[in-house]
$ cat protein-v9.cif   # mmCIF, N, CA and C atoms and all ligand atoms
data_data
#
loop_
_atom_site.label_atom_id
_atom_site.label_comp_id
_atom_site.auth_asym_id
_atom_site.auth_seq_id
_atom_site.Cartn_x
_atom_site.Cartn_y
_atom_site.Cartn_z
N MET A 1 0.83 -1.18 0.00
CA MET A 1 0.00 0.00 0.00
C MET A 1 0.88 1.24 0.00
N ALA A 2 0.55 2.10 -0.93
CA ALA A 2 1.34 3.33 -1.04
C ALA A 2 1.05 4.25 0.14
N ARG A 3 2.06 4.77 0.62
CA ARG A 3 1.91 5.69 1.74
C ARG A 3 1.50 7.08 1.22
N ARG A 4 0.44 7.59 1.82
CA ARG A 4 -0.02 8.92 1.40
C ARG A 4 0.82 10.00 2.08
N THR A 5 1.22 10.89 1.30
CA THR A 5 1.94 12.02 1.87
C THR A 5 1.11 13.27 1.64
N THR A 6 1.17 14.10 2.57
CA THR A 6 0.48 15.38 2.40
C THR A 6 1.51 16.42 2.03
N GLN A 7 1.42 16.81 0.78
CA GLN A 7 2.32 17.84 0.31
C GLN A 7 1.50 19.05 -0.06
N THR A 8 1.92 20.13 0.39
CA THR A 8 1.28 21.37 -0.04
C THR A 8 2.25 22.07 -0.97
N ALA A 9 1.72 22.39 -2.13
CA ALA A 9 2.57 23.08 -3.09
C ALA A 9 2.93 24.45 -2.55
N ALA A 10 4.15 24.79 -2.75
CA ALA A 10 4.59 26.11 -2.30
C ALA A 10 3.82 27.18 -3.07
N GLN A 11 3.26 28.08 -2.34
CA GLN A 11 2.52 29.17 -2.97
C GLN A 11 3.51 30.12 -3.62
N PRO A 12 3.19 30.54 -4.85
CA PRO A 12 4.09 31.51 -5.47
C PRO A 12 4.07 32.82 -4.69
N GLN A 13 5.18 33.40 -4.59
CA GLN A 13 5.30 34.66 -3.87
C GLN A 13 5.53 35.80 -4.87
N PRO A 14 4.91 36.93 -4.63
CA PRO A 14 5.14 38.05 -5.54
C PRO A 14 6.59 38.51 -5.47
N ALA A 15 7.12 38.87 -6.61
CA ALA A 15 8.53 39.31 -6.66
C ALA A 15 8.74 40.60 -5.88
N CYS A 16 7.66 41.36 -5.68
CA CYS A 16 7.79 42.64 -4.97
C CYS A 16 7.75 42.47 -3.46
N ARG A 17 7.58 41.26 -3.02
CA ARG A 17 7.51 41.02 -1.57
C ARG A 17 8.79 41.55 -0.90
N GLY A 18 8.59 42.39 0.07
CA GLY A 18 9.73 42.95 0.80
C GLY A 18 10.25 44.25 0.22
N TYR A 19 9.79 44.60 -0.96
CA TYR A 19 10.22 45.86 -1.57
C TYR A 19 9.31 47.00 -1.09
N SER A 20 9.84 48.18 -1.10
CA SER A 20 9.05 49.35 -0.73
C SER A 20 8.11 49.72 -1.87
N TRP A 21 6.92 50.18 -1.52
CA TRP A 21 5.98 50.63 -2.54
C TRP A 21 6.50 51.86 -3.26
N SER A 22 7.51 52.52 -2.68
CA SER A 22 8.07 53.70 -3.36
C SER A 22 8.75 53.31 -4.66
N LEU A 23 9.05 52.02 -4.85
CA LEU A 23 9.57 51.57 -6.14
C LEU A 23 8.47 51.58 -7.19
N PHE A 24 7.24 51.39 -6.77
CA PHE A 24 6.12 51.28 -7.70
C PHE A 24 5.33 52.58 -7.84
N TYR A 25 5.39 53.38 -6.80
CA TYR A 25 4.67 54.67 -6.81
C TYR A 25 5.65 55.78 -6.51
N GLY A 26 5.80 56.69 -7.45
CA GLY A 26 6.73 57.80 -7.26
C GLY A 26 6.12 58.90 -6.41
N SER A 27 6.96 59.84 -6.05
CA SER A 27 6.50 60.99 -5.28
C SER A 27 6.01 62.08 -6.24
N ASP A 28 5.25 63.02 -5.70
CA ASP A 28 4.69 64.08 -6.54
C ASP A 28 5.77 64.94 -7.18
N ASP A 29 6.90 65.08 -6.52
CA ASP A 29 7.95 65.95 -7.06
C ASP A 29 9.04 65.17 -7.82
N GLU A 30 8.74 63.95 -8.20
CA GLU A 30 9.71 63.12 -8.91
C GLU A 30 9.93 63.64 -10.33
N SER A 31 11.18 63.75 -10.74
CA SER A 31 11.48 64.20 -12.11
C SER A 31 11.11 63.11 -13.11
N LYS A 32 10.95 63.50 -14.36
CA LYS A 32 10.59 62.51 -15.39
C LYS A 32 11.68 61.46 -15.56
N ASP A 33 12.94 61.90 -15.53
CA ASP A 33 14.05 60.95 -15.67
C ASP A 33 14.07 59.95 -14.51
N ARG A 34 13.85 60.47 -13.33
CA ARG A 34 13.86 59.60 -12.14
C ARG A 34 12.67 58.64 -12.18
N ALA A 35 11.53 59.14 -12.62
CA ALA A 35 10.34 58.28 -12.72
C ALA A 35 10.58 57.17 -13.75
N ALA A 36 11.19 57.54 -14.87
CA ALA A 36 11.45 56.54 -15.91
C ALA A 36 12.38 55.45 -15.40
N ALA A 37 13.41 55.85 -14.66
CA ALA A 37 14.36 54.88 -14.13
C ALA A 37 13.68 53.99 -13.08
N ARG A 38 12.88 54.61 -12.21
CA ARG A 38 12.18 53.84 -11.17
C ARG A 38 11.20 52.85 -11.80
N GLU A 39 10.45 53.34 -12.78
CA GLU A 39 9.47 52.47 -13.44
C GLU A 39 10.14 51.32 -14.17
N ALA A 40 11.27 51.59 -14.79
CA ALA A 40 11.99 50.52 -15.50
C ALA A 40 12.45 49.45 -14.51
N THR A 41 12.91 49.87 -13.35
CA THR A 41 13.33 48.91 -12.31
C THR A 41 12.13 48.10 -11.83
N ALA A 42 11.02 48.78 -11.57
CA ALA A 42 9.82 48.08 -11.11
C ALA A 42 9.33 47.10 -12.16
N LYS A 43 9.36 47.50 -13.42
CA LYS A 43 8.87 46.63 -14.48
C LYS A 43 9.76 45.39 -14.65
N ARG A 44 11.06 45.56 -14.44
CA ARG A 44 11.97 44.40 -14.50
C ARG A 44 11.64 43.43 -13.37
N LEU A 45 11.33 43.97 -12.21
CA LEU A 45 10.95 43.11 -11.08
C LEU A 45 9.65 42.37 -11.40
N CYS A 46 8.67 43.08 -11.90
CA CYS A 46 7.39 42.47 -12.27
C CYS A 46 7.57 41.40 -13.34
N ALA A 47 8.48 41.64 -14.27
CA ALA A 47 8.66 40.72 -15.39
C ALA A 47 9.06 39.32 -14.92
N ARG A 48 9.71 39.25 -13.78
CA ARG A 48 10.12 37.93 -13.28
C ARG A 48 9.20 37.44 -12.14
N CYS A 49 8.06 38.09 -11.99
CA CYS A 49 7.13 37.74 -10.92
C CYS A 49 6.21 36.60 -11.38
N PRO A 50 6.08 35.54 -10.58
CA PRO A 50 5.19 34.44 -10.96
C PRO A 50 3.72 34.82 -10.93
N MET A 51 3.40 35.96 -10.35
CA MET A 51 2.00 36.39 -10.24
C MET A 51 1.69 37.54 -11.19
N ARG A 52 2.57 37.79 -12.14
CA ARG A 52 2.43 38.97 -12.99
C ARG A 52 1.08 39.02 -13.70
N GLN A 53 0.69 37.95 -14.36
CA GLN A 53 -0.55 37.99 -15.14
C GLN A 53 -1.77 38.20 -14.23
N ALA A 54 -1.81 37.50 -13.11
CA ALA A 54 -2.94 37.67 -12.17
C ALA A 54 -2.95 39.08 -11.61
N CYS A 55 -1.79 39.60 -11.31
CA CYS A 55 -1.67 40.96 -10.78
C CYS A 55 -2.18 41.97 -11.81
N LEU A 56 -1.75 41.78 -13.03
CA LEU A 56 -2.18 42.70 -14.10
C LEU A 56 -3.68 42.60 -14.33
N ASP A 57 -4.19 41.38 -14.42
CA ASP A 57 -5.62 41.21 -14.67
C ASP A 57 -6.46 41.83 -13.55
N GLU A 58 -6.01 41.64 -12.32
CA GLU A 58 -6.72 42.23 -11.18
C GLU A 58 -6.70 43.76 -11.27
N GLU A 59 -5.57 44.28 -11.64
CA GLU A 59 -5.43 45.73 -11.72
C GLU A 59 -6.28 46.29 -12.86
N LEU A 60 -6.34 45.58 -13.97
CA LEU A 60 -7.13 46.06 -15.11
C LEU A 60 -8.62 46.01 -14.81
N ALA A 61 -9.01 45.12 -13.92
CA ALA A 61 -10.44 44.99 -13.58
C ALA A 61 -10.84 45.92 -12.45
N ARG A 62 -9.86 46.56 -11.81
CA ARG A 62 -10.14 47.40 -10.64
C ARG A 62 -10.97 48.62 -11.03
N LYS A 63 -11.98 48.88 -10.24
CA LYS A 63 -12.80 50.07 -10.44
C LYS A 63 -12.91 50.80 -9.12
N PRO A 64 -12.49 52.02 -8.99
CA PRO A 64 -11.99 52.84 -10.10
C PRO A 64 -10.56 52.44 -10.47
N PHE A 65 -10.22 52.76 -11.66
CA PHE A 65 -8.90 52.46 -12.22
C PHE A 65 -7.83 53.20 -11.42
N ASP A 66 -6.76 52.51 -11.06
CA ASP A 66 -5.66 53.14 -10.33
C ASP A 66 -4.84 53.97 -11.31
N GLN A 67 -4.82 55.26 -11.09
CA GLN A 67 -4.19 56.19 -12.03
C GLN A 67 -2.67 56.29 -11.86
N HIS A 68 -2.13 55.54 -10.93
CA HIS A 68 -0.71 55.69 -10.62
C HIS A 68 -0.06 54.31 -10.44
N GLY A 69 1.23 54.33 -10.52
CA GLY A 69 2.00 53.16 -10.13
C GLY A 69 2.21 52.12 -11.20
N VAL A 70 3.20 51.29 -10.96
CA VAL A 70 3.50 50.15 -11.83
C VAL A 70 2.88 48.92 -11.19
N ARG A 71 2.14 48.19 -11.99
CA ARG A 71 1.54 46.93 -11.55
C ARG A 71 1.57 45.97 -12.73
N GLY A 72 1.92 44.74 -12.45
CA GLY A 72 1.93 43.76 -13.53
C GLY A 72 2.82 44.15 -14.69
N ALA A 73 3.89 44.85 -14.40
CA ALA A 73 4.89 45.29 -15.39
C ALA A 73 4.34 46.36 -16.34
N MET A 74 3.31 47.06 -15.92
CA MET A 74 2.78 48.16 -16.73
C MET A 74 2.61 49.41 -15.89
N THR A 75 2.90 50.54 -16.50
CA THR A 75 2.60 51.82 -15.85
C THR A 75 1.10 52.08 -15.98
N ALA A 76 0.62 53.10 -15.29
CA ALA A 76 -0.80 53.44 -15.36
C ALA A 76 -1.20 53.78 -16.80
N ASP A 77 -0.34 54.51 -17.51
CA ASP A 77 -0.66 54.84 -18.92
C ASP A 77 -0.73 53.58 -19.76
N GLU A 78 0.18 52.66 -19.53
CA GLU A 78 0.17 51.41 -20.30
C GLU A 78 -1.06 50.57 -19.97
N ARG A 79 -1.46 50.58 -18.71
CA ARG A 79 -2.67 49.84 -18.33
C ARG A 79 -3.90 50.47 -18.96
N ARG A 80 -3.93 51.79 -18.98
CA ARG A 80 -5.06 52.49 -19.62
C ARG A 80 -5.15 52.09 -21.09
N ALA A 81 -4.01 52.04 -21.77
CA ALA A 81 -3.98 51.64 -23.18
C ALA A 81 -4.41 50.18 -23.34
N GLU A 82 -3.99 49.34 -22.39
CA GLU A 82 -4.36 47.92 -22.46
C GLU A 82 -5.86 47.73 -22.25
N ILE A 83 -6.45 48.51 -21.34
CA ILE A 83 -7.90 48.45 -21.13
C ILE A 83 -8.62 48.83 -22.42
N ALA A 84 -8.15 49.88 -23.08
CA ALA A 84 -8.77 50.31 -24.33
C ALA A 84 -8.59 49.25 -25.41
N ARG A 85 -7.38 48.66 -25.46
CA ARG A 85 -7.13 47.62 -26.47
C ARG A 85 -8.05 46.42 -26.25
N ARG A 86 -8.22 46.02 -25.00
CA ARG A 86 -9.08 44.87 -24.71
C ARG A 86 -10.54 45.19 -25.01
N ALA A 87 -10.95 46.43 -24.75
CA ALA A 87 -12.34 46.81 -25.04
C ALA A 87 -12.61 46.70 -26.53
N VAL A 88 -11.66 47.15 -27.34
CA VAL A 88 -11.82 47.06 -28.80
C VAL A 88 -11.82 45.59 -29.22
N ALA A 89 -10.91 44.81 -28.66
CA ALA A 89 -10.84 43.39 -29.02
C ALA A 89 -12.12 42.66 -28.66
N ASN A 90 -12.75 43.05 -27.57
CA ASN A 90 -14.00 42.40 -27.15
C ASN A 90 -15.19 42.78 -28.01
N GLN A 91 -15.07 43.89 -28.75
CA GLN A 91 -16.15 44.31 -29.63
C GLN A 91 -16.13 43.59 -30.97
N THR A 92 -14.97 43.03 -31.31
CA THR A 92 -14.86 42.38 -32.62
C THR A 92 -15.17 40.91 -32.54
S1 LIG B 101 3.51 41.77 -10.97
FE1 LIG B 101 2.34 42.60 -9.25
S2 LIG B 101 2.76 41.19 -7.56
FE2 LIG B 101 4.33 40.88 -9.12
S3 LIG B 101 6.06 42.18 -8.58
FE3 LIG B 101 4.77 43.34 -9.96
S4 LIG B 101 3.38 44.51 -8.65
FE4 LIG B 101 4.27 42.86 -7.40
#
$ encode --input "protein-v9.cif" --output "structure tokens"
Amino acid sequence: MARRTTQTAAQPQPACRGYSWSLFYGSDDESKDRAAAREATAKRLCARCPMRQACLDEELARKPFDQHGVRGAMTADERRAEIARRAVANQT
């Protein structure tokens, strides 16, 4: 008789775990160059996150839409464009 083992699969952890939200959300007085560098760093972190797609989908479905920050490897402007792209795709 085979012995039953109880294994629980390790839950994927977000890559941003332990990072400050200031990496994802800039300050009001942040320069454009600094914002671009910060966002690029955040997006690289998201790109290797095992929860990226779920994070992005959740963020795209959020109402009201979050106008700031990097989530799911997209800036708010990129998410806004993705919402519009998906709306058009759903009409066809
Ligand atoms: S994809 Fe979402 S959960 Fe993953 S690192 Fe980026 S913000 Fe965090």
$ residues_near_point --input "protein-v9.cif" --point "(2.5, 52.2, -8.7)" --cutoff "10 Å" --atoms "only C-alpha atoms" --output "PyMOL selection string"
chain A and resi 21-26+39+42+66-76
$ select_by_dssp --input "protein-v9.cif" --residues "chain A" --states "helix (DSSP H, G or I)" --output "PyMOL selection string"
chain A and resi 21-23+32-47+52-61+76-91
$ write_last_selection --input "protein-v9.cif" --atoms "N, CA and C atoms" --output "compact mmCIF listing (two decimals), in the coordinates of the input"
# COMPACT_ATOMS: atom_id res chain seq x y z
N TRP A 21 6.92 50.18 -1.52
CA TRP A 21 5.98 50.63 -2.54
C TRP A 21 6.50 51.86 -3.26
N SER A 22 7.51 52.52 -2.68
CA SER A 22 8.07 53.70 -3.36
C SER A 22 8.75 53.31 -4.66
N LEU A 23 9.05 52.02 -4.85
CA LEU A 23 9.57 51.57 -6.14
C LEU A 23 8.47 51.58 -7.19
N LYS A 32 10.95 63.50 -14.36
CA LYS A 32 10.59 62.51 -15.39
C LYS A 32 11.68 61.46 -15.56
N ASP A 33 12.94 61.90 -15.53
CA ASP A 33 14.05 60.95 -15.67
C ASP A 33 14.07 59.95 -14.51
N ARG A 34 13.85 60.47 -13.33
CA ARG A 34 13.86 59.60 -12.14
C ARG A 34 12.67 58.64 -12.18
N ALA A 35 11.53 59.14 -12.62
CA ALA A 35 10.34 58.28 -12.72
C ALA A 35 10.58 57.17 -13.75
N ALA A 36 11.19 57.54 -14.87
CA ALA A 36 11.45 56.54 -15.91
C ALA A 36 12.38 55.45 -15.40
N ALA A 37 13.41 55.85 -14.66
CA ALA A 37 14.36 54.88 -14.13
C ALA A 37 13.68 53.99 -13.08
N ARG A 38 12.88 54.61 -12.21
CA ARG A 38 12.18 53.84 -11.17
C ARG A 38 11.20 52.85 -11.80
N GLU A 39 10.45 53.34 -12.78
CA GLU A 39 9.47 52.47 -13.44
C GLU A 39 10.14 51.32 -14.17
N ALA A 40 11.27 51.59 -14.79
CA ALA A 40 11.99 50.52 -15.50
C ALA A 40 12.45 49.45 -14.51
N THR A 41 12.91 49.87 -13.35
CA THR A 41 13.33 48.91 -12.31
C THR A 41 12.13 48.10 -11.83
N ALA A 42 11.02 48.78 -11.57
CA ALA A 42 9.82 48.08 -11.11
C ALA A 42 9.33 47.10 -12.16
N LYS A 43 9.36 47.50 -13.42
CA LYS A 43 8.87 46.63 -14.48
C LYS A 43 9.76 45.39 -14.65
N ARG A 44 11.06 45.56 -14.44
CA ARG A 44 11.97 44.40 -14.50
C ARG A 44 11.64 43.43 -13.37
N LEU A 45 11.33 43.97 -12.21
CA LEU A 45 10.95 43.11 -11.08
C LEU A 45 9.65 42.37 -11.40
N CYS A 46 8.67 43.08 -11.90
CA CYS A 46 7.39 42.47 -12.27
C CYS A 46 7.57 41.40 -13.34
N ALA A 47 8.48 41.64 -14.27
CA ALA A 47 8.66 40.72 -15.39
C ALA A 47 9.06 39.32 -14.92
N ARG A 52 2.57 37.79 -12.14
CA ARG A 52 2.43 38.97 -12.99
C ARG A 52 1.08 39.02 -13.70
N GLN A 53 0.69 37.95 -14.36
CA GLN A 53 -0.55 37.99 -15.14
C GLN A 53 -1.77 38.20 -14.23
N ALA A 54 -1.81 37.50 -13.11
CA ALA A 54 -2.94 37.67 -12.17
C ALA A 54 -2.95 39.08 -11.61
N CYS A 55 -1.79 39.60 -11.31
CA CYS A 55 -1.67 40.96 -10.78
C CYS A 55 -2.18 41.97 -11.81
N LEU A 56 -1.75 41.78 -13.03
CA LEU A 56 -2.18 42.70 -14.10
C LEU A 56 -3.68 42.60 -14.33
N ASP A 57 -4.19 41.38 -14.42
CA ASP A 57 -5.62 41.21 -14.67
C ASP A 57 -6.46 41.83 -13.55
N GLU A 58 -6.01 41.64 -12.32
CA GLU A 58 -6.72 42.23 -11.18
C GLU A 58 -6.70 43.76 -11.27
N GLU A 59 -5.57 44.28 -11.64
CA GLU A 59 -5.43 45.73 -11.72
C GLU A 59 -6.28 46.29 -12.86
N LEU A 60 -6.34 45.58 -13.97
CA LEU A 60 -7.13 46.06 -15.11
C LEU A 60 -8.62 46.01 -14.81
N ALA A 61 -9.01 45.12 -13.92
CA ALA A 61 -10.44 44.99 -13.58
C ALA A 61 -10.84 45.92 -12.45
N ALA A 76 0.62 53.10 -15.29
CA ALA A 76 -0.80 53.44 -15.36
C ALA A 76 -1.20 53.78 -16.80
N ASP A 77 -0.34 54.51 -17.51
CA ASP A 77 -0.66 54.84 -18.92
C ASP A 77 -0.73 53.58 -19.76
N GLU A 78 0.18 52.66 -19.53
CA GLU A 78 0.17 51.41 -20.30
C GLU A 78 -1.06 50.57 -19.97
N ARG A 79 -1.46 50.58 -18.71
CA ARG A 79 -2.67 49.84 -18.33
C ARG A 79 -3.90 50.47 -18.96
N ARG A 80 -3.93 51.79 -18.98
CA ARG A 80 -5.06 52.49 -19.62
C ARG A 80 -5.15 52.09 -21.09
N ALA A 81 -4.01 52.04 -21.77
CA ALA A 81 -3.98 51.64 -23.18
C ALA A 81 -4.41 50.18 -23.34
N GLU A 82 -3.99 49.34 -22.39
CA GLU A 82 -4.36 47.92 -22.46
C GLU A 82 -5.86 47.73 -22.25
N ILE A 83 -6.45 48.51 -21.34
CA ILE A 83 -7.90 48.45 -21.13
C ILE A 83 -8.62 48.83 -22.42
N ALA A 84 -8.15 49.88 -23.08
CA ALA A 84 -8.77 50.31 -24.33
C ALA A 84 -8.59 49.25 -25.41
N ARG A 85 -7.38 48.66 -25.46
CA ARG A 85 -7.13 47.62 -26.47
C ARG A 85 -8.05 46.42 -26.25
N ARG A 86 -8.22 46.02 -25.00
CA ARG A 86 -9.08 44.87 -24.71
C ARG A 86 -10.54 45.19 -25.01
N ALA A 87 -10.95 46.43 -24.75
CA ALA A 87 -12.34 46.81 -25.04
C ALA A 87 -12.61 46.70 -26.53
N VAL A 88 -11.66 47.15 -27.34
CA VAL A 88 -11.82 47.06 -28.80
C VAL A 88 -11.82 45.59 -29.22
N ALA A 89 -10.91 44.81 -28.66
CA ALA A 89 -10.84 43.39 -29.02
C ALA A 89 -12.12 42.66 -28.66
N ASN A 90 -12.75 43.05 -27.57
CA ASN A 90 -14.00 42.40 -27.15
C ASN A 90 -15.19 42.78 -28.01
N GLN A 91 -15.07 43.89 -28.75
CA GLN A 91 -16.15 44.31 -29.63
C GLN A 91 -16.13 43.59 -30.97
$ residues_near_ligand --input "protein-v9.cif" --ligand "ligand LIG 101 (chain B)" --cutoff "7 Å" --atoms "only C-alpha atoms and all ligand atoms" --output "NGL selection string"
:A and (14-17 or 43 or 45-47 or 49-53 or 55-56 or 70-73)
$ write_last_selection --input "protein-v9.cif" --atoms "N, CA and C atoms" --output "PDB file, in the coordinates of the input"
ATOM      1  N   PRO A  14       4.910  36.930  -4.630  1.00  0.00           N
ATOM      2  CA  PRO A  14       5.140  38.050  -5.540  1.00  0.00           C
ATOM      3  C   PRO A  14       6.590  38.510  -5.470  1.00  0.00           C
ATOM      4  N   ALA A  15       7.120  38.870  -6.610  1.00  0.00           N
ATOM      5  CA  ALA A  15       8.530  39.310  -6.660  1.00  0.00           C
ATOM      6  C   ALA A  15       8.740  40.600  -5.880  1.00  0.00           C
ATOM      7  N   CYS A  16       7.660  41.360  -5.680  1.00  0.00           N
ATOM      8  CA  CYS A  16       7.790  42.640  -4.970  1.00  0.00           C
ATOM      9  C   CYS A  16       7.750  42.470  -3.460  1.00  0.00           C
ATOM     10  N   ARG A  17       7.580  41.260  -3.020  1.00  0.00           N
ATOM     11  CA  ARG A  17       7.510  41.020  -1.570  1.00  0.00           C
ATOM     12  C   ARG A  17       8.790  41.550  -0.900  1.00  0.00           C
ATOM     13  N   LYS A  43       9.360  47.500 -13.420  1.00  0.00           N
ATOM     14  CA  LYS A  43       8.870  46.630 -14.480  1.00  0.00           C
ATOM     15  C   LYS A  43       9.760  45.390 -14.650  1.00  0.00           C
ATOM     16  N   LEU A  45      11.330  43.970 -12.210  1.00  0.00           N
ATOM     17  CA  LEU A  45      10.950  43.110 -11.080  1.00  0.00           C
ATOM     18  C   LEU A  45       9.650  42.370 -11.400  1.00  0.00           C
ATOM     19  N   CYS A  46       8.670  43.080 -11.900  1.00  0.00           N
ATOM     20  CA  CYS A  46       7.390  42.470 -12.270  1.00  0.00           C
ATOM     21  C   CYS A  46       7.570  41.400 -13.340  1.00  0.00           C
ATOM     22  N   ALA A  47       8.480  41.640 -14.270  1.00  0.00           N
ATOM     23  CA  ALA A  47       8.660  40.720 -15.390  1.00  0.00           C
ATOM     24  C   ALA A  47       9.060  39.320 -14.920  1.00  0.00           C
ATOM     25  N   CYS A  49       8.060  38.090 -11.990  1.00  0.00           N
ATOM     26  CA  CYS A  49       7.130  37.740 -10.920  1.00  0.00           C
ATOM     27  C   CYS A  49       6.210  36.600 -11.380  1.00  0.00           C
ATOM     28  N   PRO A  50       6.080  35.540 -10.580  1.00  0.00           N
ATOM     29  CA  PRO A  50       5.190  34.440 -10.960  1.00  0.00           C
ATOM     30  C   PRO A  50       3.720  34.820 -10.930  1.00  0.00           C
ATOM     31  N   MET A  51       3.400  35.960 -10.350  1.00  0.00           N
ATOM     32  CA  MET A  51       2.000  36.390 -10.240  1.00  0.00           C
ATOM     33  C   MET A  51       1.690  37.540 -11.190  1.00  0.00           C
ATOM     34  N   ARG A  52       2.570  37.790 -12.140  1.00  0.00           N
ATOM     35  CA  ARG A  52       2.430  38.970 -12.990  1.00  0.00           C
ATOM     36  C   ARG A  52       1.080  39.020 -13.700  1.00  0.00           C
ATOM     37  N   GLN A  53       0.690  37.950 -14.360  1.00  0.00           N
ATOM     38  CA  GLN A  53      -0.550  37.990 -15.140  1.00  0.00           C
ATOM     39  C   GLN A  53      -1.770  38.200 -14.230  1.00  0.00           C
ATOM     40  N   CYS A  55      -1.790  39.600 -11.310  1.00  0.00           N
ATOM     41  CA  CYS A  55      -1.670  40.960 -10.780  1.00  0.00           C
ATOM     42  C   CYS A  55      -2.180  41.970 -11.810  1.00  0.00           C
ATOM     43  N   LEU A  56      -1.750  41.780 -13.030  1.00  0.00           N
ATOM     44  CA  LEU A  56      -2.180  42.700 -14.100  1.00  0.00           C
ATOM     45  C   LEU A  56      -3.680  42.600 -14.330  1.00  0.00           C
ATOM     46  N   VAL A  70       3.200  51.290 -10.960  1.00  0.00           N
ATOM     47  CA  VAL A  70       3.500  50.150 -11.830  1.00  0.00           C
ATOM     48  C   VAL A  70       2.880  48.920 -11.190  1.00  0.00           C
ATOM     49  N   ARG A  71       2.140  48.190 -11.990  1.00  0.00           N
ATOM     50  CA  ARG A  71       1.540  46.930 -11.550  1.00  0.00           C
ATOM     51  C   ARG A  71       1.570  45.970 -12.730  1.00  0.00           C
ATOM     52  N   GLY A  72       1.920  44.740 -12.450  1.00  0.00           N
ATOM     53  CA  GLY A  72       1.930  43.760 -13.530  1.00  0.00           C
ATOM     54  C   GLY A  72       2.820  44.150 -14.690  1.00  0.00           C
ATOM     55  N   ALA A  73       3.890  44.850 -14.400  1.00  0.00           N
ATOM     56  CA  ALA A  73       4.890  45.290 -15.390  1.00  0.00           C
ATOM     57  C   ALA A  73       4.340  46.360 -16.340  1.00  0.00           C
TER      58      ALA A  73
END
$ atom_distance --input "protein-v9.cif" --atom1 "atom C of A:Ile83" --atom2 "atom CA of A:Arg44"
22.5 Å
$ atom_distance --input "protein-v9.cif" --atom1 "atom C of A:Arg48" --atom2 "atom C of A:Gln11"
12.6 Å
$ atom_distance --input "protein-v9.cif" --atom1 "atom N of A:Ala40" --atom2 "atom CA of A:Gln13"
21.0 Å
$ closest_residue --input "protein-v9.cif" --among "A:Asp33, A:Asp57, A:Arg38, A:Glu78" --to "A:Ser20" --atoms "only C-alpha atoms"
A:Arg38
$ closest_residue --input "protein-v9.cif" --among "A:Glu59, A:Lys32, A:Pro12, A:Gln91" --to "A:Arg79" --atoms "all atoms listed in the file"
A:Glu59
